[in-house]
$ cat final.txt   # compact mmCIF, C-alpha atoms
# COMPACT_ATOMS: atom_id res chain seq x y z
CA MET Q 115 -23.98 -18.75 -7.24
CA GLN Q 116 -24.37 -15.76 -9.49
CA ARG Q 117 -22.94 -15.85 -12.97
CA GLY Q 118 -19.35 -14.58 -13.18
CA ARG Q 119 -18.65 -15.18 -9.51
CA VAL Q 120 -16.44 -18.24 -9.24
CA SER Q 121 -15.14 -19.61 -5.97
CA PRO Q 122 -11.69 -21.26 -5.98
CA ASP Q 123 -11.36 -24.99 -5.41
CA ILE Q 124 -11.82 -25.62 -1.68
CA GLY Q 125 -8.72 -27.82 -1.53
CA GLU Q 126 -6.61 -25.07 -3.08
CA GLN Q 127 -8.12 -22.53 -0.73
CA VAL Q 128 -7.31 -24.59 2.37
CA PHE Q 129 -3.76 -25.21 1.10
CA ALA Q 130 -3.26 -21.50 0.39
CA TYR Q 131 -4.43 -20.55 3.88
CA ALA Q 132 -2.19 -23.16 5.50
CA LYS Q 133 0.83 -21.75 3.65
CA ALA Q 134 -0.19 -18.22 4.59
CA CYS Q 135 -0.47 -19.16 8.28
CA GLY Q 136 3.00 -20.70 8.22
CA ILE Q 137 4.47 -17.56 6.67
CA ILE Q 138 2.66 -15.15 8.98
CA GLY Q 139 3.83 -17.12 11.99
CA LYS Q 140 7.41 -16.24 11.08
CA SER Q 141 6.69 -12.69 9.90
CA PHE Q 142 7.16 -9.43 11.77
CA VAL Q 143 3.50 -8.72 12.38
CA GLY Q 144 1.53 -8.83 15.61
CA LYS Q 145 3.55 -10.03 18.60
CA ARG Q 146 6.85 -10.23 16.68
CA ILE Q 147 7.03 -6.53 15.83
CA PRO Q 148 8.39 -5.32 19.23
CA ALA Q 149 11.61 -7.26 18.54
CA LEU Q 150 12.40 -4.71 15.82
CA GLY Q 151 12.40 -1.89 18.37
CA LYS Q 152 15.35 -3.50 20.15
CA ILE Q 153 17.57 -3.40 17.05
CA ASN Q 154 20.43 -0.88 17.06
CA SER Q 155 22.35 -1.65 13.85
CA LEU Q 156 21.90 -2.94 10.31
CA ASN Q 157 23.88 -6.07 11.13
CA GLU Q 158 21.56 -6.84 14.05
CA LEU Q 159 18.59 -6.42 11.72
CA LYS Q 160 20.17 -8.74 9.16
CA ARG Q 161 20.75 -11.43 11.78
CA LEU Q 162 17.16 -11.14 13.02
CA VAL Q 163 15.37 -11.10 9.66
CA PHE Q 164 17.83 -13.12 7.55
CA PRO Q 165 19.59 -15.47 10.00
CA ASP Q 166 20.86 -17.68 7.17
CA VAL Q 167 22.74 -14.84 5.42
CA PHE Q 168 26.38 -14.68 6.50
CA SER Q 169 27.85 -12.15 4.05
CA GLU Q 170 29.65 -9.12 5.49
CA LEU Q 171 29.08 -5.82 3.71
CA PRO Q 172 30.00 -2.20 4.50
CA GLY Q 173 27.19 0.11 5.67
CA PRO Q 174 25.91 1.63 2.38
CA GLU Q 175 26.08 -1.71 0.57
CA LEU Q 176 24.43 -3.50 3.48
CA LEU Q 177 21.59 -0.96 3.49
CA SER Q 178 20.89 -1.52 -0.20
CA ASP Q 179 21.29 -5.28 0.17
CA LEU Q 180 18.78 -5.44 3.03
CA GLU Q 181 16.19 -3.36 1.17
CA ASN Q 182 16.51 -5.65 -1.84
CA ARG Q 183 16.27 -8.76 0.33
CA ILE Q 184 13.18 -7.45 2.11
CA LEU Q 185 11.42 -6.81 -1.20
CA ARG Q 186 12.41 -10.18 -2.68
CA ARG Q 187 11.40 -12.00 0.52
CA THR Q 188 7.96 -10.36 0.51
CA THR Q 189 7.18 -11.05 -3.15
CA ARG Q 190 8.54 -14.59 -2.92
CA GLN Q 191 6.27 -15.40 0.03
CA ILE Q 192 3.25 -13.77 -1.60
CA LEU Q 193 3.84 -15.77 -4.79
CA ALA Q 194 4.20 -18.98 -2.79
CA VAL Q 195 0.65 -18.53 -1.52
CA LEU Q 196 -0.86 -17.36 -4.82
CA ASN Q 197 0.73 -20.29 -6.63
CA ALA Q 198 -1.28 -22.63 -4.41
CA TYR Q 199 -4.12 -21.80 -6.80
CA SER Q 200 -4.21 -23.14 -10.35
CA ASN Q 201 -6.23 -20.04 -11.23
CA PRO Q 202 -5.94 -17.41 -8.44
CA PRO Q 203 -8.97 -15.17 -7.82
CA GLU Q 204 -8.78 -11.95 -9.82
CA LEU Q 205 -8.77 -9.87 -6.62
CA LEU Q 206 -5.50 -11.45 -5.48
CA VAL Q 207 -3.87 -11.04 -8.88
CA ARG Q 208 -4.86 -7.37 -8.83
CA GLN Q 209 -3.31 -7.03 -5.38
CA VAL Q 210 0.05 -8.48 -6.34
CA ARG Q 211 0.14 -6.22 -9.40
CA SER Q 212 0.36 -3.25 -7.05
CA TYR Q 213 4.10 -3.94 -7.24
CA GLU Q 214 3.99 -3.54 -11.00
CA TYR Q 215 2.22 -0.19 -10.68
CA ALA Q 216 4.80 1.02 -8.16
CA ASP Q 217 7.69 -0.10 -10.37
CA LEU Q 218 6.16 1.59 -13.40
CA LYS Q 219 5.89 4.85 -11.46
CA THR Q 220 9.54 4.56 -10.49
CA CYS Q 221 10.49 3.96 -14.13
CA LEU Q 222 8.49 7.00 -15.26
CA HIS Q 223 10.41 9.13 -12.75
CA HIS Q 224 13.72 7.71 -13.97
CA ILE Q 225 12.79 8.29 -17.62
CA ALA Q 226 11.78 11.88 -16.84
CA ALA Q 227 15.13 12.47 -15.12
CA GLY Q 228 17.15 10.66 -17.79
CA LYS Q 229 18.33 8.04 -15.30
CA PRO Q 230 19.16 4.40 -16.03
CA VAL Q 231 16.76 1.58 -15.20
CA PRO Q 232 16.05 1.36 -11.43
CA LYS Q 233 18.33 -1.06 -9.62
CA THR Q 234 15.48 -2.75 -7.77
CA LEU Q 235 12.36 -3.93 -9.55
CA SER Q 236 9.85 -6.44 -8.23
CA ASP Q 237 9.60 -9.95 -9.63
CA ILE Q 238 5.96 -11.04 -9.65
CA ASP Q 239 6.61 -13.83 -12.14
CA ARG Q 240 3.57 -14.97 -14.16
CA PHE Q 241 1.43 -12.11 -12.85
CA GLY Q 242 3.57 -9.38 -14.42
CA THR Q 243 2.54 -7.66 -17.66
CA VAL Q 244 5.11 -4.88 -18.14
CA ARG Q 245 8.32 -5.73 -20.02
CA PHE Q 246 10.74 -3.82 -17.79
CA GLY Q 247 13.67 -5.29 -19.70
CA ALA Q 248 12.80 -2.94 -22.57
CA TYR Q 249 13.45 0.18 -20.43
CA PRO Q 250 13.44 3.08 -21.37
CA ASP Q 251 11.35 2.29 -24.49
CA LEU Q 252 7.84 2.79 -23.09
CA ALA Q 253 6.16 1.48 -26.25
CA ALA Q 254 8.06 -1.79 -25.97
CA MET Q 255 7.44 -1.93 -22.23
CA LEU Q 256 3.69 -1.30 -22.29
CA SER Q 257 2.27 -2.42 -25.64
CA GLY Q 258 -0.41 -5.07 -25.13
CA SER Q 259 -0.51 -4.53 -21.36
CA GLU Q 260 -3.21 -2.87 -19.27
CA PHE Q 261 -0.94 0.19 -19.16
CA GLU Q 262 -1.06 0.77 -22.89
CA PHE Q 263 -3.25 3.84 -22.34
CA ILE Q 264 -0.12 5.68 -21.16
CA LEU Q 265 1.27 5.58 -24.68
CA ALA Q 266 -1.49 7.94 -25.83
CA LYS Q 267 -0.23 10.61 -23.41
CA ASP Q 268 2.12 13.46 -24.24
CA LEU Q 269 5.20 11.69 -22.96
CA ASN Q 270 7.46 14.62 -23.85
CA ALA Q 271 5.68 16.53 -21.09
CA LEU Q 272 7.21 14.16 -18.52
CA LYS Q 273 10.44 16.12 -18.75
CA SER Q 274 9.02 19.61 -19.18
CA VAL Q 275 5.94 19.99 -16.97
CA ASP Q 276 6.38 19.55 -13.21
CA ASP Q 277 2.78 18.56 -12.44
CA TYR Q 278 2.37 16.27 -15.44
CA LEU Q 279 4.03 13.27 -13.81
CA THR Q 280 1.94 13.74 -10.66
CA SER Q 281 -1.22 13.77 -12.77
CA LEU Q 282 -0.11 10.61 -14.53
CA GLU Q 283 0.54 8.93 -11.19
CA THR Q 284 -2.95 9.93 -10.05
CA GLU Q 285 -4.39 8.32 -13.17
CA LEU Q 286 -2.43 5.14 -12.46
CA ASP Q 287 -3.75 5.09 -8.91
CA LEU Q 288 -7.30 5.49 -10.14
CA HIS Q 289 -6.75 2.76 -12.72
CA TYR Q 290 -5.40 0.35 -10.09
CA TYR Q 291 -8.13 0.88 -7.53
CA THR Q 292 -10.92 0.90 -10.10
CA LEU Q 293 -9.89 -2.53 -11.38
CA LEU Q 294 -9.38 -3.75 -7.81
CA THR Q 295 -12.85 -2.69 -6.72
CA GLU Q 296 -14.38 -4.14 -9.88
CA SER Q 297 -12.80 -7.50 -9.01
CA VAL Q 298 -14.57 -7.42 -5.62
CA LYS Q 299 -17.91 -7.66 -7.41
CA ARG Q 300 -16.92 -11.09 -8.74
CA LEU Q 301 -16.25 -12.57 -5.30
CA HIS Q 302 -18.53 -14.90 -3.37
CA PRO Q 303 -20.95 -12.78 -1.25
CA ASP Q 304 -19.23 -13.82 2.02
CA ASP Q 305 -15.91 -12.44 0.78
CA ARG Q 306 -17.39 -9.52 -1.09
CA GLN Q 307 -18.85 -7.85 2.00
CA PHE Q 308 -15.69 -7.79 4.15
CA VAL Q 309 -13.21 -7.04 1.35
CA GLY Q 310 -15.49 -4.33 -0.03
CA GLN Q 311 -15.67 -2.62 3.36
CA ILE Q 312 -11.90 -2.70 3.82
CA LEU Q 313 -11.22 -1.33 0.34
CA ALA Q 314 -13.83 1.41 0.69
CA ARG Q 315 -12.27 2.58 3.95
CA GLU Q 316 -8.74 2.32 2.57
CA ILE Q 317 -9.53 4.35 -0.54
CA SER Q 318 -11.38 6.98 1.49
CA LEU Q 319 -8.45 7.28 3.91
CA ARG Q 320 -5.86 7.41 1.13
CA ASN Q 321 -7.80 10.24 -0.47
CA CYS Q 322 -7.86 12.08 2.86
CA VAL Q 323 -4.13 11.56 3.40
CA TRP Q 324 -3.39 12.85 -0.08
CA ALA Q 325 -5.66 15.86 0.39
CA LEU Q 326 -4.01 16.73 3.72
CA ARG Q 327 -0.53 16.41 2.28
CA LEU Q 328 -1.29 18.50 -0.81
CA ARG Q 329 -2.95 21.15 1.31
CA THR Q 330 -0.35 21.27 4.10
CA TYR Q 331 2.96 20.53 2.39
CA PHE Q 332 2.37 21.83 -1.15
CA ASP Q 333 -0.11 24.66 -0.48
CA LYS Q 334 -2.52 23.40 -3.15
CA THR Q 335 -5.94 25.01 -3.48
CA PRO Q 336 -9.09 22.89 -3.06
CA ARG Q 337 -9.64 23.01 -6.83
CA GLU Q 338 -6.09 21.77 -7.47
CA THR Q 339 -6.36 19.09 -4.78
CA VAL Q 340 -9.58 17.45 -5.99
CA GLN Q 341 -7.92 16.77 -9.33
CA HIS Q 342 -5.63 14.30 -7.55
CA LEU Q 343 -8.32 12.37 -5.66
CA MET Q 344 -9.61 8.93 -6.63
CA ASP Q 345 -13.31 9.54 -7.23
CA ILE Q 346 -14.33 5.88 -7.11
CA GLU Q 347 -17.90 4.87 -6.30
CA MET Q 348 -18.93 1.87 -4.22
CA HIS Q 349 -22.09 0.63 -2.54
CA GLN Q 350 -22.50 1.73 1.07
CA GLY Q 351 -23.62 -1.07 3.40
CA GLY Q 352 -23.53 -3.93 0.91
CA ASP Q 353 -24.78 -4.47 -2.63
CA SER Q 354 -28.19 -3.01 -1.81
CA GLY Q 355 -26.85 0.18 -0.23
CA ASN Q 356 -26.54 3.61 -1.76
CA VAL Q 357 -23.69 4.27 -4.16
CA ILE Q 358 -21.27 6.79 -2.66
CA SER Q 359 -18.07 8.47 -3.77
CA LEU Q 360 -14.98 7.44 -1.80
CA ALA Q 361 -13.60 10.95 -2.24
CA VAL Q 362 -16.42 12.63 -0.31
CA GLU Q 363 -14.57 12.78 3.04
CA ALA Q 364 -11.45 14.18 1.38
CA ARG Q 365 -13.43 16.84 -0.45
CA GLY Q 366 -15.15 17.71 2.82
CA LEU Q 367 -11.94 18.32 4.77
CA LEU Q 368 -10.82 20.92 2.23
CA SER Q 369 -13.34 23.36 3.71
CA PHE Q 370 -12.13 22.89 7.32
CA PRO Q 371 -9.70 25.45 8.81
CA PRO Q 372 -6.43 23.54 9.42
CA ASP Q 373 -5.90 25.25 12.80
CA PHE Q 374 -9.41 25.23 14.31
CA ARG Q 375 -10.17 21.82 15.84
CA PRO Q 376 -13.93 22.34 16.49
CA ALA Q 377 -14.52 22.69 12.75
CA TRP Q 378 -13.55 19.01 12.36
CA ASN Q 379 -16.13 17.75 14.86
CA GLY Q 380 -18.43 15.15 13.33
CA TRP Q 381 -16.16 14.42 10.37
CA ARG Q 382 -16.11 10.69 9.62
CA TRP Q 383 -12.40 10.22 10.36
CA GLU Q 384 -12.21 12.69 13.25
CA HIS Q 385 -10.94 9.99 15.63
CA LEU Q 386 -7.75 9.64 13.57
CA LEU Q 387 -6.71 13.29 13.90
CA ASN Q 388 -3.79 14.31 16.09
CA PRO Q 389 -4.99 15.14 19.62
CA GLU Q 390 -5.04 18.59 21.12
CA LYS Q 391 -2.31 19.40 23.67
CA ALA Q 392 -2.67 21.77 26.58
CA GLY Q 393 -0.91 25.07 25.99
CA GLU Q 394 -0.37 24.42 22.26
CA ILE Q 395 -2.25 25.72 19.23
CA TRP Q 396 -3.71 22.75 17.41
CA THR Q 397 -3.11 22.29 13.69
CA VAL Q 398 -3.91 19.24 11.63
CA ASN Q 399 -0.93 16.88 11.23
CA PRO Q 400 -1.00 14.83 8.01
CA ARG Q 401 1.73 12.45 9.19
CA HIS Q 402 -0.14 11.59 12.39
CA PHE Q 403 -3.34 11.07 10.42
CA GLN Q 404 -1.60 8.80 7.92
CA ASN Q 405 -0.08 6.68 10.68
CA ALA Q 406 -3.36 6.50 12.61
CA ALA Q 407 -5.22 5.52 9.44
CA SER Q 408 -2.64 2.82 8.81
CA HIS Q 409 -3.07 1.36 12.29
CA TYR Q 410 -6.84 1.42 11.83
CA ILE Q 411 -6.71 -0.59 8.58
CA TYR Q 412 -4.02 -2.90 9.98
CA ARG Q 413 -6.21 -3.94 12.91
CA GLN Q 414 -9.09 -4.78 10.60
CA VAL Q 415 -6.89 -6.75 8.22
CA LEU Q 416 -5.33 -8.73 11.07
CA HIS Q 417 -8.82 -9.49 12.38
CA GLY Q 418 -9.95 -10.66 8.94
CA PHE Q 419 -6.97 -12.98 8.54
CA ARG Q 420 -7.52 -14.62 11.91
CA ASN Q 421 -11.31 -14.84 11.85
CA MET Q 422 -12.11 -15.80 8.24
CA PRO Q 423 -9.86 -18.86 7.67
CA SER Q 424 -9.66 -20.71 4.37
CA SER Q 425 -11.36 -17.90 2.46
CA VAL Q 426 -10.35 -15.48 -0.27
CA THR Q 427 -10.74 -12.75 2.36
CA ALA Q 428 -8.02 -14.37 4.49
CA ILE Q 429 -5.58 -14.40 1.57
CA PHE Q 430 -6.50 -10.81 0.69
CA CYS Q 431 -5.60 -9.93 4.29
CA PHE Q 432 -2.42 -12.02 4.11
CA LEU Q 433 -1.15 -9.99 1.14
CA LYS Q 434 -1.83 -6.74 2.97
CA LEU Q 435 -0.12 -7.98 6.13
CA LYS Q 436 2.99 -8.92 4.16
CA GLN Q 437 3.04 -5.49 2.54
CA PHE Q 438 2.63 -3.83 5.94
CA GLU Q 439 5.59 -5.86 7.17
CA GLU Q 440 7.66 -4.93 4.13
CA ASP Q 441 7.06 -1.25 4.75
CA LEU Q 442 7.92 -1.54 8.44
CA LEU Q 443 11.14 -3.45 7.75
CA THR Q 444 12.11 -0.93 5.08
CA SER Q 445 11.46 1.97 7.48
CA ILE Q 446 13.58 0.30 10.17
CA THR Q 447 16.37 -0.34 7.64
CA GLU Q 448 16.42 3.27 6.46
CA GLY Q 449 16.35 4.58 10.03
CA LEU Q 450 19.22 2.36 11.12
CA GLY Q 451 21.16 3.50 8.07
CA LEU Q 452 20.79 7.07 9.36
CA GLY Q 453 22.16 6.12 12.76
CA MET Q 454 18.83 5.79 14.57
CA THR Q 455 17.78 2.93 16.84
CA GLY Q 456 14.76 0.75 16.25
CA ASN Q 457 12.85 2.48 19.05
CA GLU Q 458 13.69 5.89 17.61
CA VAL Q 459 12.27 4.78 14.25
CA PHE Q 460 9.13 3.55 16.04
CA ASP Q 461 8.79 6.96 17.71
CA LEU Q 462 9.26 8.75 14.40
CA ILE Q 463 6.58 6.75 12.61
CA GLU Q 464 4.37 6.73 15.70
CA VAL Q 465 4.10 2.98 16.11
CA PRO Q 466 1.95 2.27 19.19
CA GLU Q 467 2.97 -0.83 21.12
CA GLY Q 468 0.56 -3.69 20.48
CA ASN Q 469 -1.24 -1.86 17.65
CA LEU Q 470 1.20 -1.92 14.78
CA GLY Q 471 1.04 -1.42 11.05
CA LEU Q 472 2.01 1.04 8.33
CA TRP Q 473 0.86 2.09 4.90
CA PRO Q 474 2.85 0.02 2.40
CA GLN Q 475 5.19 2.47 0.69
CA ARG Q 476 5.43 0.43 -2.47
CA GLN Q 477 1.66 0.47 -2.84
CA VAL Q 478 0.06 3.08 -5.06
CA HIS Q 479 -0.95 6.61 -4.12
CA GLN Q 480 2.07 7.70 -2.13
$ encode --input "final.txt" --output "structure tokens"
Amino acid sequence: MQRGRVSPDIGEQVFAYAKACGIIGKSFVGKRIPALGKINSLNELKRLVFPDVFSELPGPELLSDLENRILRRTTRQILAVLNAYSNPPELLVRQVRSYEYADLKTCLHHIAAGKPVPKTLSDIDRFGTVRFGAYPDLAAMLSGSEFEFILAKDLNALKSVDDYLTSLETELDLHYYTLLTESVKRLHPDDRQFVGQILAREISLRNCVWALRLRTYFDKTPRETVQHLMDIEMHQGGDSGNVISLAVEARGLLSFPPDFRPAWNGWRWEHLLNPEKAGEIWTVNPRHFQNAASHYIYRQVLHGFRNMPSSVTAIFCFLKLKQFEEDLLTSITEGLGLGMTGNEVFDLIEVPEGNLGLWPQRQVHQ
């Protein structure tokens, strides 16, 4: 084994996978997801997801309560698996810290708006580094943590420059994914290949989603858009492959006309674009692309969990599956709170039966 690449104890790995299998078996992934489409009210959702909770709350309070319970349930189950290790692999620690990044972004928004501390913050226990209890004192919150670099920024600009907070979020995204991809290099070769491929595709797709959204919804120029992309480099085709930028596909799409489908022919992610419809003028749809990209990653993650048992890869996939589930449950909760049915929420977020999964909203790079 190469220096710096340490495999976890095999007994701990087997125990972690056994716990993960037990949790996934009761989670709303795979065959259990269609049950959510049959839900028509928040109380029905509560009885399905939290059958042991008997409290009765009015609509707005129930909505907030369910969202909090979904978050706490997800992090509690993730921690139960990570705590099977005496010293969890760095990759998994980096994954669970995605919640810390998301919470820090929320706090930055609240500080910029002069709002009190957010009501819901994640509890990742021993893996947390930010002292959220010191809110809104950023120096007290971040000193000595990996986020200390933020303190060197012009924090007064948070409240005075509209694009400054977006730029800071982009830097946080880049920071998160850079450290995550660096941790892949320290995995055993068997894990490194699969996890590296998944992360490379995910980062590429996230860049494309962000580029499409900035171009379509915010009318940003190509020069403005590239400033918000994660220009991370990884090896293509394993450690011996060429080093490529994971922003190359996103930069490429910026030159394609948004309403001329043939111009997109041959693009790497062409198969995830919204289809053409007879009698309608085609234009690229960022929401469809984001959903299709999510389903694409979801299928690969589910495959990895099932086909690489008792490995770090399987636990990496477990964490992503739980975050997919969290996002789906949160979407259903919000839709029901607006008077929609479960099936109407599925239609809105374009969930295809038997091929289900969503980008985790609490992950970075919204």
$ residues_around --input "final.txt" --residues "stretch 286-288 of chain Q" --least-positions-apart "5" --cutoff "12 Å" --atoms "only C-alpha atoms" --output "PDB file with C-alpha atoms, keeping the file's coordinate frame"
ATOM      1  CA  ARG Q 211       0.140  -6.220  -9.400  1.00  0.00           C
ATOM      2  CA  SER Q 212       0.360  -3.250  -7.050  1.00  0.00           C
ATOM      3  CA  GLU Q 214       3.990  -3.540 -11.000  1.00  0.00           C
ATOM      4  CA  TYR Q 215       2.220  -0.190 -10.680  1.00  0.00           C
ATOM      5  CA  ALA Q 216       4.800   1.020  -8.160  1.00  0.00           C
ATOM      6  CA  ASP Q 217       7.690  -0.100 -10.370  1.00  0.00           C
ATOM      7  CA  LEU Q 218       6.160   1.590 -13.400  1.00  0.00           C
ATOM      8  CA  LYS Q 219       5.890   4.850 -11.460  1.00  0.00           C
ATOM      9  CA  LEU Q 222       8.490   7.000 -15.260  1.00  0.00           C
ATOM     10  CA  GLU Q 260      -3.210  -2.870 -19.270  1.00  0.00           C
ATOM     11  CA  PHE Q 261      -0.940   0.190 -19.160  1.00  0.00           C
ATOM     12  CA  GLU Q 262      -1.060   0.770 -22.890  1.00  0.00           C
ATOM     13  CA  PHE Q 263      -3.250   3.840 -22.340  1.00  0.00           C
ATOM     14  CA  ILE Q 264      -0.120   5.680 -21.160  1.00  0.00           C
ATOM     15  CA  LEU Q 279       4.030  13.270 -13.810  1.00  0.00           C
ATOM     16  CA  THR Q 280       1.940  13.740 -10.660  1.00  0.00           C
ATOM     17  CA  SER Q 281      -1.220  13.770 -12.770  1.00  0.00           C
ATOM     18  CA  LEU Q 293      -9.890  -2.530 -11.380  1.00  0.00           C
ATOM     19  CA  LEU Q 294      -9.380  -3.750  -7.810  1.00  0.00           C
ATOM     20  CA  THR Q 295     -12.850  -2.690  -6.720  1.00  0.00           C
ATOM     21  CA  GLU Q 296     -14.380  -4.140  -9.880  1.00  0.00           C
ATOM     22  CA  ILE Q 317      -9.530   4.350  -0.540  1.00  0.00           C
ATOM     23  CA  ARG Q 320      -5.860   7.410   1.130  1.00  0.00           C
ATOM     24  CA  ASN Q 321      -7.800  10.240  -0.470  1.00  0.00           C
ATOM     25  CA  TRP Q 324      -3.390  12.850  -0.080  1.00  0.00           C
ATOM     26  CA  GLN Q 341      -7.920  16.770  -9.330  1.00  0.00           C
ATOM     27  CA  HIS Q 342      -5.630  14.300  -7.550  1.00  0.00           C
ATOM     28  CA  LEU Q 343      -8.320  12.370  -5.660  1.00  0.00           C
ATOM     29  CA  MET Q 344      -9.610   8.930  -6.630  1.00  0.00           C
ATOM     30  CA  ASP Q 345     -13.310   9.540  -7.230  1.00  0.00           C
ATOM     31  CA  ILE Q 346     -14.330   5.880  -7.110  1.00  0.00           C
ATOM     32  CA  GLU Q 347     -17.900   4.870  -6.300  1.00  0.00           C
ATOM     33  CA  LEU Q 360     -14.980   7.440  -1.800  1.00  0.00           C
ATOM     34  CA  ALA Q 361     -13.600  10.950  -2.240  1.00  0.00           C
ATOM     35  CA  GLN Q 477       1.660   0.470  -2.840  1.00  0.00           C
ATOM     36  CA  VAL Q 478       0.060   3.080  -5.060  1.00  0.00           C
ATOM     37  CA  HIS Q 479      -0.950   6.610  -4.120  1.00  0.00           C
ATOM     38  CA  GLN Q 480       2.070   7.700  -2.130  1.00  0.00           C
TER      39      GLN Q 480
END
$ closest_residue --input "final.txt" --among "Q:Asn197, Q:Ser155, Q:Gln404, Q:Gln209" --to "Q:Asp239" --atoms "only C-alpha atoms"
Q:Asn197
$ residues_around --input "final.txt" --residues "stretch 240-256 of chain Q" --least-positions-apart "6" --cutoff "12 Å" --atoms "all atoms listed in the file" --output "MDAnalysis selection string"
chainID Q and resid 189 192:193 196:197 200:204 206:234 262:267 269:270
$ atom_distance --input "final.txt" --atom1 "atom CA of Q:Ser408" --atom2 "atom CA of Q:Phe164"
26.0 Å
$ closest_atom_pairs --input "final.txt" --of "stretch 154-190 of chain Q" --to "stretch 444-458 of chain Q" --cutoff "10 Å" --atoms "only C-alpha atoms" --output "JSON lines"
{"residue": "Q:Asn154", "atom": "CA", "partner": "Q:Thr455", "partner_atom": "CA", "distance": 4.6}
{"residue": "Q:Ser155", "atom": "CA", "partner": "Q:Leu450", "partner_atom": "CA", "distance": 5.8}
{"residue": "Q:Leu156", "atom": "CA", "partner": "Q:Leu450", "partner_atom": "CA", "distance": 6.0}
{"residue": "Q:Asn157", "atom": "CA", "partner": "Q:Leu450", "partner_atom": "CA", "distance": 9.6}
{"residue": "Q:Glu158", "atom": "CA", "partner": "Q:Leu450", "partner_atom": "CA", "distance": 9.9}
{"residue": "Q:Leu159", "atom": "CA", "partner": "Q:Thr447", "partner_atom": "CA", "distance": 7.7}
{"residue": "Q:Lys160", "atom": "CA", "partner": "Q:Thr447", "partner_atom": "CA", "distance": 9.3}
{"residue": "Q:Gly173", "atom": "CA", "partner": "Q:Gly451", "partner_atom": "CA", "distance": 7.3}
{"residue": "Q:Pro174", "atom": "CA", "partner": "Q:Gly451", "partner_atom": "CA", "distance": 7.6}
{"residue": "Q:Leu176", "atom": "CA", "partner": "Q:Gly451", "partner_atom": "CA", "distance": 9.0}
{"residue": "Q:Leu177", "atom": "CA", "partner": "Q:Gly451", "partner_atom": "CA", "distance": 6.4}
{"residue": "Q:Ser178", "atom": "CA", "partner": "Q:Thr447", "partner_atom": "CA", "distance": 9.1}
{"residue": "Q:Leu180", "atom": "CA", "partner": "Q:Thr447", "partner_atom": "CA", "distance": 7.3}
{"residue": "Q:Glu181", "atom": "CA", "partner": "Q:Thr444", "partner_atom": "CA", "distance": 6.2}
{"residue": "Q:Asn182", "atom": "CA", "partner": "Q:Thr444", "partner_atom": "CA", "distance": 9.5}
{"residue": "Q:Ile184", "atom": "CA", "partner": "Q:Thr444", "partner_atom": "CA", "distance": 7.2}
{"residue": "Q:Leu185", "atom": "CA", "partner": "Q:Thr444", "partner_atom": "CA", "distance": 8.6}
